[in-house]
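Read the structure below first, then the notes.
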Amino acid sequence: MFRTALRNVLAHKARLLMTVLAVMLGVAFVSGTLVFTSTISDAYQASSQKGYDNVDVAVHPKSSDSPRGAPGAEPKLDQKLLDKAAQVPGAASATGTVSGFTAIADKKGELLGNGFATTGGNYFPGKDGKDARYPMRSGTAPKGPDQFALDAHTADKAGYKVGDTVRLSVDGPVREQKLTGIFTTDDGRVAAGGSLALFDTPTAQKLFGMAGGFSEIDVKAAPGTSQTALKSAVDKVLPKGAAEATTGKQLADDQAKTIAKSMDGMKTALLVFAGIALFVGVFIIANTFTMLVAQRTKELALLRAVGASRRQVTRSVLIEAFVVGAIAAVTGLAAGIGIGAGLRELMSSTGATVPDGPLVISPSTVLASLLVGIVVTVLAAWLPGRRAARIPPVAAMNSVHATATTKSLVVRNTIGALFAGAGTAGVVVATGMSDGKTMMGAGAVLLLIGVFILTPLLSRPLIALAAPVLRAFGISGGLARQNAVRNPRRTAATASALMVGLTLITGLTVIAGSVQKSIDKMATDSLTADYVVSMAGNTPLSPDVAKKLGGLDEVTAVSPLRMSPSRIDGTPESLTGVNGKDFGKLTRLDFTKGALGDLHGGRVVVDDATAKEKGWQPGSRFPVTFEDGKKSTLTVSGVYQGNQMINGIIVDTATLAPHQQQVTDRQVMVKTKDGATDAAKESLVKGLGKNPAISVSDKKDISEEIAKMFSLMLNMLYGLLAMAVIVAVLGVINTLAMSVFERSQEIGMLRAIGLDRRGIKRMVRLESLVISLFGGVLGIGLGVFFGWAAGELISGSLATYELVLPWGRMGIFLGLAAVVGVLAALWPARRAARLNMLAAIKAE
């Protein structure tokens, strides 16, 4: 039986090729994902560990045990503590570091690097006058408030050289500084595409609001002193409760864990799509082996007649599946290594700098790829193998094995209806729950399984709807419809592969379009301001920005949004400071109780969620402890409906500012005389000194930014889901090719009675088109349902959410399904048309 199974594999190479390709693509995606994420993760970890080469012990301010948002200053590391750390036994040197946001402009005035990784720090020279962390490639270290040094990667990208005057910004106002040095660094943020600017220590302390202090003290061990021993010595000089020490090894390990954790999200997302591709591939494998078993009915029945047991027949089919899976897994692993290398190059080409490092192919990657390919194939072939074992020896006397009984169809349809009903009910019930994600996920899985089981039943009525159109193609159209419904199980398995991909694509498109429209509506409903001014990377703005804007002739109203921690009724709460005089002109809040009124002194307005939680009404008074520890009493004048843009406790900045240790704004809202015009925007940009770090956005800009974000996300998802669609195309080709082989005698008879080659081609193409459109209609329908259901969950946290059906895109998806059908039929149709008429009639 083993030899028989191997001979069958070799005898049906062409038939199994598409199955091998389908499994290979899924395995390639899995192995490519694992290789890519392992390579990037290892490269970043190696790079980050280099960054700790000069750190044996690091001293940080001790994190407060009180909840976030509580008033009180964070402990600060001062020069006195730095001197003590440098003198402990076993210490060779101590370095005080300061860091913060620093935006660098290129020669066109645009922001360089990623807004979330544009950082600044201090150059801290040792006894030799050099900072070992940042070796200078050219020039000298910065000295004085008007000088700075820049990392080599950013300098090369922008074309800056030593001696250039560069525009930069730390918290809002533009600074022009002389570039005195270009240095190299192993900083992981720079490796990821960010920028790093260095100032002398006094300048950095002033710029980053740490006058006389440091954000970290790094201690280097003397030769012969271990990190653990040095940490013990440093611990003795640290002020209790104000600072804590960590070894460099622990920092490197923590950084490695953080990097690995940050890669987990990407790895999980990519593996999900690989799983989808494999899931779609299961249909193709099962379909292929089902057809192979059907075509070999006589052969298998004869094996049973000459003494083969049911177990031996099943085993022979599974051996074939094992061989196919092993070939697909090995080729998929090789292709996946290429995909992993290609993804790294693609990441580099998009501007993200990936640290140098070898391509990582771990044993777990090899094992996972082989297991996935072989196990998936064998499991998918198990049911057809079991069915093959049930073929009675007497079937060798007949030309075709008995078709499915009415009883088996009733059982199948009953099970499918139960699954689909339970799944639909679960999804609908989950939409009314506050946290129904788990139930909705389980319901969606049950519904999909139910639809898979019911697809043969659904195929007949849905394909029958295409009958009037197919009649227009004459005999070829009629034959195509009959062929599509003749074997509903095969048609269903083929269509289901395409259905999965389109379900996901449509559902994601519905959700993304609806959320984007909802956020647009929120911005329109909540803001009457013409512009919102903010810093790159969500960095706080200097209060000078609001002052400058307020001094411009064309500006009629301006208000910052300023956050400050406080304590109310013993619990931490964040206060939002605004310009009470202009706030009403810049926003359109929906007040459910009370009104905005004159927002000054101790009067505040609160969002409905906070008011409900605290039991506040207009007129309610409550005690507050401000950021500096001073206490006061505030009065609620109104309760408004909060949203993602504006929420919380809103108070006048004149009341809040005296209690803030460092006054910064999250963003500034602006209203101009002539509204949002190009001229007004240009005047605001000029008024702020054409700052590369500051963004001046009107509602259209905000909408476009949101649209860009969703478009990027959708395009990435479309690209990943394309793998599932490619696998589905292979399934359609495979089904049609094997169907043509199975119907060789029938096609020969059709040719003999007058149907020409063009008619045969048209028949196969129309059959493929009908099957693909059937899968497309099911996929789009399920996608819309899942999109609606997910939207109902989202609407609980997004008040302006409303369902948007992307009719245009859904039309494109259905058109793509049709294109898939036409393209997939090209080779099978050509093969059918080229069959020798007489040879086909004689075919067994």
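Starting from 1 in every chain, residues are counted up; chains themselves are A, B, ... following the order of the structure tokens, and ligands are numbered from 1 as listed.
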*Do a neighbour search on range 237-242 of chain A at 7 Å with only C-alpha atoms, toss out local chain neighbours closer than 2 positions, and write the hits as a list in words.*
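Counting only the stated atoms, we get Pro61, Lys62, Pro75, Lys84, Val234 and Asp235 of chain A.
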Hey, can you spit out that residue selection with all heavy atoms as a tab-separated table (two decimals), in the first residue's frame?
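And here's selection04.tsv as it stands now:
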```
chain	number	residue	atom	x	y	z
A	61	PRO	N	15.32	58.47	38.79
A	61	PRO	CA	14.41	58.92	39.86
A	61	PRO	C	13.43	57.79	40.17
A	61	PRO	O	12.95	57.12	39.26
A	61	PRO	CB	13.68	60.12	39.23
A	61	PRO	CG	14.55	60.55	38.10
A	61	PRO	CD	15.23	59.32	37.60
A	62	LYS	N	13.16	57.56	41.43
A	62	LYS	CA	12.27	56.48	41.81
A	62	LYS	C	10.84	56.84	41.44
A	62	LYS	O	10.37	57.92	41.77
A	62	LYS	CB	12.37	56.18	43.30
A	62	LYS	CG	11.67	54.89	43.70
A	62	LYS	CD	12.02	54.47	45.10
A	62	LYS	CE	11.41	53.13	45.43
A	62	LYS	NZ	11.74	52.69	46.80
A	75	PRO	N	10.88	63.12	41.80
A	75	PRO	CA	12.23	63.32	42.34
A	75	PRO	C	13.22	63.65	41.22
A	75	PRO	O	13.07	63.17	40.10
A	75	PRO	CB	12.56	61.96	42.97
A	75	PRO	CG	11.25	61.28	43.16
A	75	PRO	CD	10.35	61.80	42.07
A	84	LYS	N	28.61	62.14	44.13
A	84	LYS	CA	28.68	61.02	45.07
A	84	LYS	C	28.81	59.69	44.34
A	84	LYS	O	29.60	58.82	44.73
A	84	LYS	CB	27.42	60.99	45.94
A	84	LYS	CG	27.39	62.01	47.06
A	84	LYS	CD	26.12	61.81	47.89
A	84	LYS	CE	26.06	62.81	49.03
A	84	LYS	NZ	24.82	62.63	49.83
A	234	VAL	N	26.59	51.86	45.01
A	234	VAL	CA	25.80	53.03	44.61
A	234	VAL	C	24.55	53.15	45.47
A	234	VAL	O	24.14	54.25	45.86
A	234	VAL	CB	25.43	52.96	43.10
A	234	VAL	CG1	24.42	54.04	42.73
A	234	VAL	CG2	26.68	53.09	42.24
A	235	ASP	N	23.91	52.01	45.76
A	235	ASP	CA	22.68	52.02	46.57
A	235	ASP	C	22.88	52.74	47.91
A	235	ASP	O	21.96	53.36	48.44
A	235	ASP	CB	22.20	50.58	46.84
A	235	ASP	CG	21.47	49.97	45.65
A	235	ASP	OD1	20.95	50.76	44.83
A	235	ASP	OD2	21.42	48.74	45.54
```
Which residues are near Asp78 in chain A? Cut-off 7 Å, only C-alpha atoms, ignore same chain within fewer than 5 positions. Put them as a tab-separated table (two decimals) with C-alpha atoms, in the first residue's frame.
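The file below, selection-v5.tsv, is the result:
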```tsv
chain	number	residue	atom	x	y	z
A	212	GLY	CA	20.65	71.71	37.54
A	213	GLY	CA	19.32	68.14	37.29
A	214	PHE	CA	19.56	64.95	35.25
```
_Could you check the closest approach to Pro223 in chain A for each of A:Asp56, A:Thr165, A:Glu802, A:Leu714 and tell me which residue wins, using only C-alpha atoms?_
A:Asp56
_Counting only C-alpha atoms, the residue of A:Glu320, A:Asp582, A:Asp569, A:Asp598 that sits nearest Phe622 in chain A_ =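 Under the stated criterion, the closest residue is A:Asp569.
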_Here is a test: counting only C-alpha atoms, which residue of A:Lys437, A:Gly357, A:Val23, A:Val55 is nearest to Leu371 in chain A?_
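That would be A:Val23, the residue with the smallest distance to Leu371 in chain A.
With CA of Ala818 in chain A on one side and CA of Met24 in chain A on the other, the separation reads 25.0 Å.
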*May I have the residues within 6 Å of range 688-705 of chain A as a PyMOL selection string, using only C-alpha atoms and disregarding those fewer than 5 positions away in the same chain?*
chain A and resi 103+105+109-111+174+520+530-536
_Excluding range 432-434 of chain A and its own-chain neighbours fewer than 3 positions away, which residues fall within 9 Å of it when counting only C-alpha atoms? Please give them as a ChimeraX atom specification._
/A:428-429,437,792-793,796
*Just how far from CA of Asp652 in chain A is CA of Val604 in chain A, in Å to one decimal?*
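CA of Asp652 in chain A lies 7.6 Å from CA of Val604 in chain A.
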*Kindly indicate which residue among A:Thr33, A:Thr331, A:Thr625, A:Ser559 lies nearest to Gln667 in chain A, using only C-alpha atoms for the distances.*
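Going through A:Thr33, A:Thr331, A:Thr625, A:Ser559 one by one, the smallest distance to Gln667 in chain A is for A:Ser559.
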Which residues are close to Leu541 in chain A, i.e. within 10 Å by only C-alpha atoms, leaving aside same-chain residues fewer than 2 positions away? Reply as a compact mmCIF listing (two decimals) with N, CA, C and O atoms, in the first residue's frame.
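Written output follows (out.txt):
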```txt
# COMPACT_ATOMS: atom_id res chain seq x y z
N VAL A 170 12.40 72.71 20.24
CA VAL A 170 12.30 71.81 21.38
C VAL A 170 10.88 71.77 21.93
O VAL A 170 10.31 70.73 22.18
N ASP A 171 10.27 72.94 22.11
CA ASP A 171 8.90 72.96 22.65
C ASP A 171 8.00 73.96 21.94
O ASP A 171 6.93 74.28 22.44
N GLY A 172 8.42 74.46 20.80
CA GLY A 172 7.56 75.38 20.05
C GLY A 172 8.36 76.40 19.26
O GLY A 172 8.43 76.33 18.04
N PRO A 173 8.98 77.38 19.94
CA PRO A 173 9.72 78.41 19.21
C PRO A 173 10.87 77.83 18.39
O PRO A 173 11.52 76.87 18.81
N VAL A 533 -3.43 73.73 16.37
CA VAL A 533 -1.97 73.77 16.30
C VAL A 533 -1.41 72.77 17.31
O VAL A 533 -1.80 72.78 18.49
N SER A 534 -0.50 71.90 16.85
CA SER A 534 0.08 70.89 17.74
C SER A 534 1.53 70.62 17.35
O SER A 534 1.98 71.03 16.27
N MET A 535 2.23 69.89 18.22
CA MET A 535 3.62 69.53 17.96
C MET A 535 3.72 68.10 17.45
O MET A 535 2.86 67.26 17.74
N ALA A 536 4.77 67.80 16.70
CA ALA A 536 5.01 66.45 16.22
C ALA A 536 5.24 65.51 17.39
O ALA A 536 5.79 65.90 18.42
N ASN A 538 3.14 64.24 19.45
CA ASN A 538 2.33 64.52 20.66
C ASN A 538 3.15 65.17 21.76
O ASN A 538 2.88 64.98 22.95
N THR A 539 4.16 65.93 21.39
CA THR A 539 5.02 66.62 22.36
C THR A 539 4.33 67.89 22.85
O THR A 539 3.67 68.57 22.06
N PRO A 543 3.93 77.56 26.05
CA PRO A 543 2.83 78.55 26.11
C PRO A 543 3.09 79.78 25.24
O PRO A 543 2.16 80.53 24.92
N ASP A 544 4.36 79.96 24.81
CA ASP A 544 4.68 81.08 23.91
C ASP A 544 3.95 80.95 22.58
O ASP A 544 3.67 81.96 21.93
N VAL A 545 3.64 79.71 22.17
CA VAL A 545 2.96 79.50 20.89
C VAL A 545 1.58 80.15 20.92
O VAL A 545 1.18 80.87 20.01
N ALA A 546 0.81 79.89 21.99
CA ALA A 546 -0.53 80.49 22.12
C ALA A 546 -0.44 82.01 22.19
O ALA A 546 -1.27 82.73 21.62
N PRO A 560 -5.57 77.45 24.47
CA PRO A 560 -4.79 76.21 24.57
C PRO A 560 -5.64 75.11 25.21
O PRO A 560 -6.68 75.38 25.82
N LEU A 561 -5.20 73.86 25.04
CA LEU A 561 -5.72 72.74 25.83
C LEU A 561 -4.53 72.28 26.66
O LEU A 561 -3.53 71.82 26.11
N ARG A 562 -4.64 72.44 27.98
CA ARG A 562 -3.50 72.24 28.87
C ARG A 562 -3.86 71.21 29.94
O ARG A 562 -4.90 71.34 30.58
N VAL A 663 4.56 74.91 32.71
CA VAL A 663 3.37 75.20 31.90
C VAL A 663 3.62 74.79 30.46
O VAL A 663 4.51 75.32 29.79
N THR A 664 2.87 73.80 29.98
CA THR A 664 2.94 73.36 28.58
C THR A 664 1.52 73.09 28.08
O THR A 664 0.62 72.80 28.86
N ASP A 665 1.34 73.20 26.77
CA ASP A 665 0.03 72.98 26.15
C ASP A 665 0.05 71.72 25.29
O ASP A 665 1.06 71.41 24.65
N ARG A 666 -1.08 70.99 25.28
CA ARG A 666 -1.19 69.82 24.42
C ARG A 666 -1.42 70.25 22.98
O ARG A 666 -0.84 69.71 22.05
N GLN A 667 -2.29 71.25 22.80
CA GLN A 667 -2.55 71.83 21.49
C GLN A 667 -3.21 73.18 21.68
O GLN A 667 -3.61 73.55 22.79
N VAL A 668 -3.30 73.96 20.59
CA VAL A 668 -3.90 75.29 20.65
C VAL A 668 -4.96 75.39 19.56
O VAL A 668 -4.70 75.05 18.40
N ALA A 693 8.47 71.53 13.55
CA ALA A 693 7.85 70.60 14.51
C ALA A 693 6.38 70.91 14.75
O ALA A 693 5.67 70.10 15.34
N ILE A 694 5.93 72.08 14.32
CA ILE A 694 4.56 72.49 14.61
C ILE A 694 3.67 72.25 13.41
O ILE A 694 4.00 72.60 12.28
```
*Near range 360-362 of chain A, counting only C-alpha atoms, which residues have an atom at most 12 Å away, once you skip same-chain residues fewer than 4 positions from it, shown as a ChimeraX atom specification?*
/A:31-43,333-334,336-338,340-341,344,356,366-369
Create the file for the chosen residues now, containing C-alpha atoms and written as a tab-separated table (two decimals), in the first residue's frame.
```
chain	number	residue	atom	x	y	z
A	31	SER	CA	8.19	30.98	7.82
A	32	GLY	CA	8.74	34.42	6.23
A	33	THR	CA	6.98	36.08	9.18
A	34	LEU	CA	9.05	34.15	11.73
A	35	VAL	CA	12.34	34.82	9.90
A	36	PHE	CA	11.56	38.53	9.46
A	37	THR	CA	10.47	39.20	13.05
A	38	SER	CA	13.35	37.14	14.51
A	39	THR	CA	15.88	38.95	12.31
A	40	ILE	CA	14.58	42.44	13.15
A	41	SER	CA	14.15	41.64	16.85
A	42	ASP	CA	17.68	40.21	17.16
A	43	ALA	CA	19.17	43.15	15.25
A	333	LEU	CA	10.34	27.20	4.05
A	334	ALA	CA	12.85	28.09	1.34
A	336	GLY	CA	9.73	32.03	3.35
A	337	ILE	CA	13.44	32.67	4.00
A	338	GLY	CA	13.46	34.71	0.80
A	340	GLY	CA	11.88	37.34	5.30
A	341	ALA	CA	14.98	38.79	3.63
A	344	ARG	CA	13.78	43.50	5.70
A	356	ASP	CA	22.82	45.43	10.60
A	366	VAL	CA	12.14	25.30	10.55
A	367	LEU	CA	10.14	23.00	12.83
A	368	ALA	CA	7.03	25.22	12.73
A	369	SER	CA	7.13	25.43	8.92
```
*Write out as a list in words each polymer residue whose atoms come within 12 Å of Ala211 in chain A, counting only C-alpha atoms; drop sequence neighbours fewer than 2 positions from it.*
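Listed by chain and then number, they are Lys76, Leu77, Asp78, Gln79, Val98, Thr201, Pro202, Thr203, Ala204, Gln205, Lys206, Leu207, Phe208, Gly209, Gly213, Phe214, Ser215 and Gln662 of chain A.
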Go ahead and write the residues just picked, N, CA, C and O atoms, as a compact mmCIF listing (two decimals), in the first residue's frame.
```txt
# COMPACT_ATOMS: atom_id res chain seq x y z
N LYS A 76 14.23 64.49 41.53
CA LYS A 76 15.20 64.89 40.51
C LYS A 76 16.60 64.49 40.95
O LYS A 76 16.93 64.54 42.13
N LEU A 77 17.42 64.08 39.96
CA LEU A 77 18.80 63.72 40.23
C LEU A 77 19.66 64.97 40.05
O LEU A 77 19.65 65.57 38.97
N ASP A 78 20.41 65.37 41.07
CA ASP A 78 21.17 66.62 40.98
C ASP A 78 22.68 66.37 40.87
O ASP A 78 23.15 65.23 40.91
N GLN A 79 23.43 67.46 40.76
CA GLN A 79 24.89 67.39 40.61
C GLN A 79 25.55 66.78 41.84
O GLN A 79 26.54 66.03 41.72
N VAL A 98 20.63 63.97 30.14
CA VAL A 98 19.39 64.74 30.04
C VAL A 98 18.82 64.46 28.65
O VAL A 98 19.56 64.38 27.67
N THR A 201 25.75 70.25 28.41
CA THR A 201 24.85 69.89 29.52
C THR A 201 24.02 71.06 30.04
O THR A 201 22.80 70.93 30.19
N PRO A 202 24.60 72.25 30.30
CA PRO A 202 23.77 73.36 30.80
C PRO A 202 22.65 73.74 29.81
O PRO A 202 21.53 74.03 30.23
N THR A 203 22.97 73.72 28.50
CA THR A 203 21.96 74.07 27.50
C THR A 203 20.84 73.03 27.47
O THR A 203 19.65 73.37 27.44
N ALA A 204 21.23 71.76 27.52
CA ALA A 204 20.23 70.68 27.50
C ALA A 204 19.33 70.76 28.73
O ALA A 204 18.10 70.59 28.64
N GLN A 205 19.93 71.03 29.90
CA GLN A 205 19.14 71.12 31.13
C GLN A 205 18.12 72.26 31.03
O GLN A 205 16.97 72.11 31.47
N LYS A 206 18.52 73.37 30.45
CA LYS A 206 17.62 74.52 30.31
C LYS A 206 16.52 74.22 29.30
O LYS A 206 15.33 74.49 29.55
N LEU A 207 16.90 73.63 28.15
CA LEU A 207 15.93 73.35 27.09
C LEU A 207 14.88 72.34 27.52
O LEU A 207 13.70 72.44 27.15
N PHE A 208 15.30 71.32 28.29
CA PHE A 208 14.39 70.23 28.64
C PHE A 208 13.80 70.37 30.04
O PHE A 208 13.29 69.39 30.61
N GLY A 209 13.87 71.59 30.60
CA GLY A 209 13.21 71.87 31.88
C GLY A 209 13.79 71.12 33.06
O GLY A 209 13.05 70.73 33.96
N GLY A 213 19.60 69.54 37.02
CA GLY A 213 19.32 68.14 37.29
C GLY A 213 19.55 67.25 36.08
O GLY A 213 19.87 67.71 34.98
N PHE A 214 19.37 65.95 36.30
CA PHE A 214 19.56 64.95 35.25
C PHE A 214 18.38 63.97 35.25
O PHE A 214 17.76 63.73 36.29
N SER A 215 18.12 63.40 34.09
CA SER A 215 17.06 62.39 34.01
C SER A 215 17.62 61.01 34.35
O SER A 215 16.86 60.11 34.69
N GLN A 662 5.50 73.21 35.44
CA GLN A 662 5.99 73.54 34.10
C GLN A 662 4.77 73.70 33.19
O GLN A 662 4.04 72.75 32.96
```
*Using DSSP on the backbone coordinates, identify the residues of range 654-769 of chain A assigned to strand (DSSP E or B); present them as a list in words.*
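Here is the list: Asp665, Gln667, Val668, Met669, Val670, Lys671, Thr672, Ile694, Ser695, Val696 and Ser697 of chain A.
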File dump, residues just selected, all heavy atoms, as a PDB file, in the first residue's frame:
```pdb
ATOM      1  N   ASP A 665       1.335  73.198  26.766  1.00  0.00           N
ATOM      2  CA  ASP A 665       0.027  72.979  26.153  1.00  0.00           C
ATOM      3  C   ASP A 665       0.046  71.718  25.294  1.00  0.00           C
ATOM      4  O   ASP A 665       1.060  71.412  24.649  1.00  0.00           O
ATOM      5  CB  ASP A 665      -0.371  74.169  25.269  1.00  0.00           C
ATOM      6  CG  ASP A 665      -0.488  75.456  26.070  1.00  0.00           C
ATOM      7  OD1 ASP A 665      -0.850  75.366  27.268  1.00  0.00           O
ATOM      8  OD2 ASP A 665      -0.203  76.538  25.520  1.00  0.00           O
ATOM      9  N   GLN A 667      -2.290  71.249  22.803  1.00  0.00           N
ATOM     10  CA  GLN A 667      -2.552  71.827  21.487  1.00  0.00           C
ATOM     11  C   GLN A 667      -3.206  73.183  21.684  1.00  0.00           C
ATOM     12  O   GLN A 667      -3.607  73.545  22.792  1.00  0.00           O
ATOM     13  CB  GLN A 667      -3.434  70.913  20.636  1.00  0.00           C
ATOM     14  CG  GLN A 667      -4.786  70.585  21.241  1.00  0.00           C
ATOM     15  CD  GLN A 667      -5.528  69.524  20.435  1.00  0.00           C
ATOM     16  OE1 GLN A 667      -4.941  68.638  19.862  1.00  0.00           O
ATOM     17  NE2 GLN A 667      -6.837  69.611  20.414  1.00  0.00           N
ATOM     18  N   VAL A 668      -3.300  73.956  20.594  1.00  0.00           N
ATOM     19  CA  VAL A 668      -3.903  75.290  20.653  1.00  0.00           C
ATOM     20  C   VAL A 668      -4.958  75.388  19.564  1.00  0.00           C
ATOM     21  O   VAL A 668      -4.702  75.050  18.403  1.00  0.00           O
ATOM     22  CB  VAL A 668      -2.836  76.396  20.459  1.00  0.00           C
ATOM     23  CG1 VAL A 668      -3.492  77.771  20.495  1.00  0.00           C
ATOM     24  CG2 VAL A 668      -1.754  76.301  21.526  1.00  0.00           C
ATOM     25  N   MET A 669      -6.177  75.851  19.938  1.00  0.00           N
ATOM     26  CA  MET A 669      -7.264  76.053  18.971  1.00  0.00           C
ATOM     27  C   MET A 669      -7.304  77.526  18.570  1.00  0.00           C
ATOM     28  O   MET A 669      -7.159  78.407  19.431  1.00  0.00           O
ATOM     29  CB  MET A 669      -8.601  75.632  19.579  1.00  0.00           C
ATOM     30  CG  MET A 669      -8.667  74.161  19.944  1.00  0.00           C
ATOM     31  SD  MET A 669     -10.249  73.689  20.714  1.00  0.00           S
ATOM     32  CE  MET A 669     -10.131  74.535  22.283  1.00  0.00           C
ATOM     33  N   VAL A 670      -7.497  77.768  17.284  1.00  0.00           N
ATOM     34  CA  VAL A 670      -7.418  79.129  16.750  1.00  0.00           C
ATOM     35  C   VAL A 670      -8.607  79.414  15.840  1.00  0.00           C
ATOM     36  O   VAL A 670      -9.006  78.561  15.037  1.00  0.00           O
ATOM     37  CB  VAL A 670      -6.105  79.337  15.950  1.00  0.00           C
ATOM     38  CG1 VAL A 670      -6.008  80.767  15.436  1.00  0.00           C
ATOM     39  CG2 VAL A 670      -4.893  78.979  16.789  1.00  0.00           C
ATOM     40  N   LYS A 671      -9.164  80.644  15.950  1.00  0.00           N
ATOM     41  CA  LYS A 671     -10.205  81.105  15.023  1.00  0.00           C
ATOM     42  C   LYS A 671      -9.714  82.393  14.371  1.00  0.00           C
ATOM     43  O   LYS A 671      -9.154  83.264  15.043  1.00  0.00           O
ATOM     44  CB  LYS A 671     -11.517  81.359  15.767  1.00  0.00           C
ATOM     45  CG  LYS A 671     -12.733  81.442  14.848  1.00  0.00           C
ATOM     46  CD  LYS A 671     -14.019  81.391  15.658  1.00  0.00           C
ATOM     47  CE  LYS A 671     -15.241  81.320  14.765  1.00  0.00           C
ATOM     48  NZ  LYS A 671     -15.317  80.110  13.964  1.00  0.00           N
ATOM     49  N   THR A 672      -9.886  82.476  13.043  1.00  0.00           N
ATOM     50  CA  THR A 672      -9.405  83.654  12.303  1.00  0.00           C
ATOM     51  C   THR A 672     -10.572  84.450  11.710  1.00  0.00           C
ATOM     52  O   THR A 672     -11.690  83.954  11.617  1.00  0.00           O
ATOM     53  CB  THR A 672      -8.451  83.225  11.175  1.00  0.00           C
ATOM     54  OG1 THR A 672      -9.136  82.321  10.307  1.00  0.00           O
ATOM     55  CG2 THR A 672      -7.210  82.555  11.721  1.00  0.00           C
ATOM     56  N   ILE A 694       5.934  72.084  14.318  1.00  0.00           N
ATOM     57  CA  ILE A 694       4.562  72.495  14.610  1.00  0.00           C
ATOM     58  C   ILE A 694       3.668  72.251  13.406  1.00  0.00           C
ATOM     59  O   ILE A 694       3.995  72.599  12.278  1.00  0.00           O
ATOM     60  CB  ILE A 694       4.509  73.978  15.025  1.00  0.00           C
ATOM     61  CG1 ILE A 694       5.226  74.163  16.360  1.00  0.00           C
ATOM     62  CG2 ILE A 694       3.077  74.456  15.140  1.00  0.00           C
ATOM     63  CD1 ILE A 694       5.212  75.573  16.892  1.00  0.00           C
ATOM     64  N   SER A 695       2.512  71.654  13.667  1.00  0.00           N
ATOM     65  CA  SER A 695       1.530  71.369  12.624  1.00  0.00           C
ATOM     66  C   SER A 695       0.341  72.307  12.793  1.00  0.00           C
ATOM     67  O   SER A 695      -0.223  72.424  13.888  1.00  0.00           O
ATOM     68  CB  SER A 695       1.065  69.910  12.733  1.00  0.00           C
ATOM     69  OG  SER A 695      -0.069  69.685  11.957  1.00  0.00           O
ATOM     70  N   VAL A 696      -0.029  72.992  11.713  1.00  0.00           N
ATOM     71  CA  VAL A 696      -1.214  73.859  11.696  1.00  0.00           C
ATOM     72  C   VAL A 696      -2.247  73.175  10.815  1.00  0.00           C
ATOM     73  O   VAL A 696      -2.085  73.104   9.596  1.00  0.00           O
ATOM     74  CB  VAL A 696      -0.880  75.270  11.162  1.00  0.00           C
ATOM     75  CG1 VAL A 696      -2.131  76.141  11.132  1.00  0.00           C
ATOM     76  CG2 VAL A 696       0.210  75.922  12.005  1.00  0.00           C
ATOM     77  N   SER A 697      -3.307  72.654  11.428  1.00  0.00           N
ATOM     78  CA  SER A 697      -4.262  71.822  10.688  1.00  0.00           C
ATOM     79  C   SER A 697      -5.670  72.394  10.765  1.00  0.00           C
ATOM     80  O   SER A 697      -6.146  72.748  11.855  1.00  0.00           O
ATOM     81  CB  SER A 697      -4.294  70.403  11.267  1.00  0.00           C
ATOM     82  OG  SER A 697      -2.997  69.861  11.325  1.00  0.00           O
TER      83      SER A 697
END
```
_Length of the CA of Ser772 in chain A to CA of Arg481 in chain A vector [Å]_ = 12.7 Å
*Nearest to Lys581 in chain A: which of A:Gly601, A:Gly594, A:Pro806, A:Gly478 is it, counting only C-alpha atoms?*
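Result for the nearest residue to Lys581 in chain A: A:Gly601.
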Closest atom pairs, residues of range 187-227 of chain A within 7 Å of range 135-150 of chain A, only C-alpha atoms, as CSV:
```
residue,atom,partner,partner_atom,distance
A:Leu196,CA,A:Leu150,CA,6.1
A:Ala197,CA,A:Leu150,CA,4.7
A:Leu198,CA,A:Ala149,CA,5.0
A:Phe199,CA,A:Phe148,CA,4.9
A:Asp200,CA,A:Lys143,CA,5.6
A:Thr203,CA,A:Pro145,CA,5.4
```
Could the residues in this selection be written to a file with N, CA, C and O atoms, as a tab-separated table (two decimals), in the first residue's frame?
```
chain	number	residue	atom	x	y	z
A	196	LEU	N	18.88	62.37	16.54
A	196	LEU	CA	19.40	62.68	17.87
A	196	LEU	C	20.29	63.92	17.78
A	196	LEU	O	21.27	63.93	17.04
A	197	ALA	N	19.92	64.97	18.53
A	197	ALA	CA	20.70	66.20	18.60
A	197	ALA	C	21.31	66.30	19.99
A	197	ALA	O	20.66	65.97	20.98
A	198	LEU	N	22.56	66.73	20.07
A	198	LEU	CA	23.24	66.86	21.35
A	198	LEU	C	23.61	68.32	21.62
A	198	LEU	O	24.08	69.03	20.72
A	199	PHE	N	23.40	68.76	22.89
A	199	PHE	CA	23.78	70.09	23.34
A	199	PHE	C	24.76	69.92	24.50
A	199	PHE	O	24.89	68.82	25.05
A	200	ASP	N	25.44	71.01	24.90
A	200	ASP	CA	26.23	70.87	26.11
A	200	ASP	C	25.26	70.74	27.29
A	200	ASP	O	24.08	71.06	27.18
A	203	THR	N	22.97	73.72	28.50
A	203	THR	CA	21.96	74.07	27.50
A	203	THR	C	20.84	73.03	27.47
A	203	THR	O	19.65	73.37	27.44
```
